[in-house]
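J.: Got a structure for you, questions after.
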Amino acid sequence: MQAEQQLPLHDIHLPEPINFFWPLAPGWWLLLAFVLVLILVSIWILRFRKRNAAKRFALRKLNQIETAFSNNPKKLVQEISTLLRRFYITKYPRNEVASLTGEAWLEFLDKQMGKQLFTKGEARCLIDAPYRENVEIDTKALLNICRTLIKKGRNK
């Protein structure tokens, strides 16, 4: 018995508590980083889609107007005028856009386009075509101008 007490034995040592950040394998860190990047990209995409929702809607509506009223230029111009006004009311404060009429409205559209296609160009018909009896316009040119204008529209 005395021989057992003289043996140089030490008490049992417990391992240190496991740290939270380690011993995760590098693969887990890569997976966490991938999930974080995926979440951030998803948020960015959703914001981008929300910002461009009005553009997408306006372009779809313009295509519908083109197919529905291709034989009736007077109604086509009326619908395009309404669509452009609705589109820009979503992009600018209502009091800036809703009250614009006549030349002021065309100048506003020119400012958005960066060219004078509305005050001095093909799209000038927006101001008086809805009130004329016989409307003779180049509908394809007007539709292309309006498509370009909507695509250039500022994002909120």
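Following the order of the structure tokens, first chain is A, next is B, and so on, with residues numbered from 1 inside each chain and ligands from 1 in the order they appear.
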Using only C-alpha atoms, determine which residues lie at most 12 Å from Ala129 in chain A, disregarding the query and same-chain residues fewer than 5 positions distant; provide the list as a ChimeraX atom specification.
T.: /A:72-81,102,122-124,134-139
J.: Any idea what the distance is between CA of Ser99 in chain A and CA of Phe87 in chain A?
T.: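 That distance, rounded to one decimal, is 14.3 Å.
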J.: If we count only C-alpha atoms and set the cut-off at 12 Å, which residues sit around range 40-53 of chain A, ignoring sequence neighbours fewer than 4 positions away in its own chain? Please answer as a VMD selection string.
T.: chain A and resid 33 to 36 57 to 60 87 90 to 91 150 to 156
J.: Give the helix (DSSP H, G or I) residues of range 10-147 of chain A, as DSSP finds them on the backbone, and put them as an MDAnalysis selection string.
T.: chainID A and resid 26:51 53:68 73:91 94:97 102:113 122:131 139:147
J.: How far is it from CA of Leu62 in chain A to CA of Tyr88 in chain A, in Å with one decimal?
T.: 14.1 Å
J.: Using only C-alpha atoms, can you tell me which of A:Leu38, A:Leu149, A:Leu117, A:Leu24 comes closest to Leu83 in chain A?
T.: A:Leu149
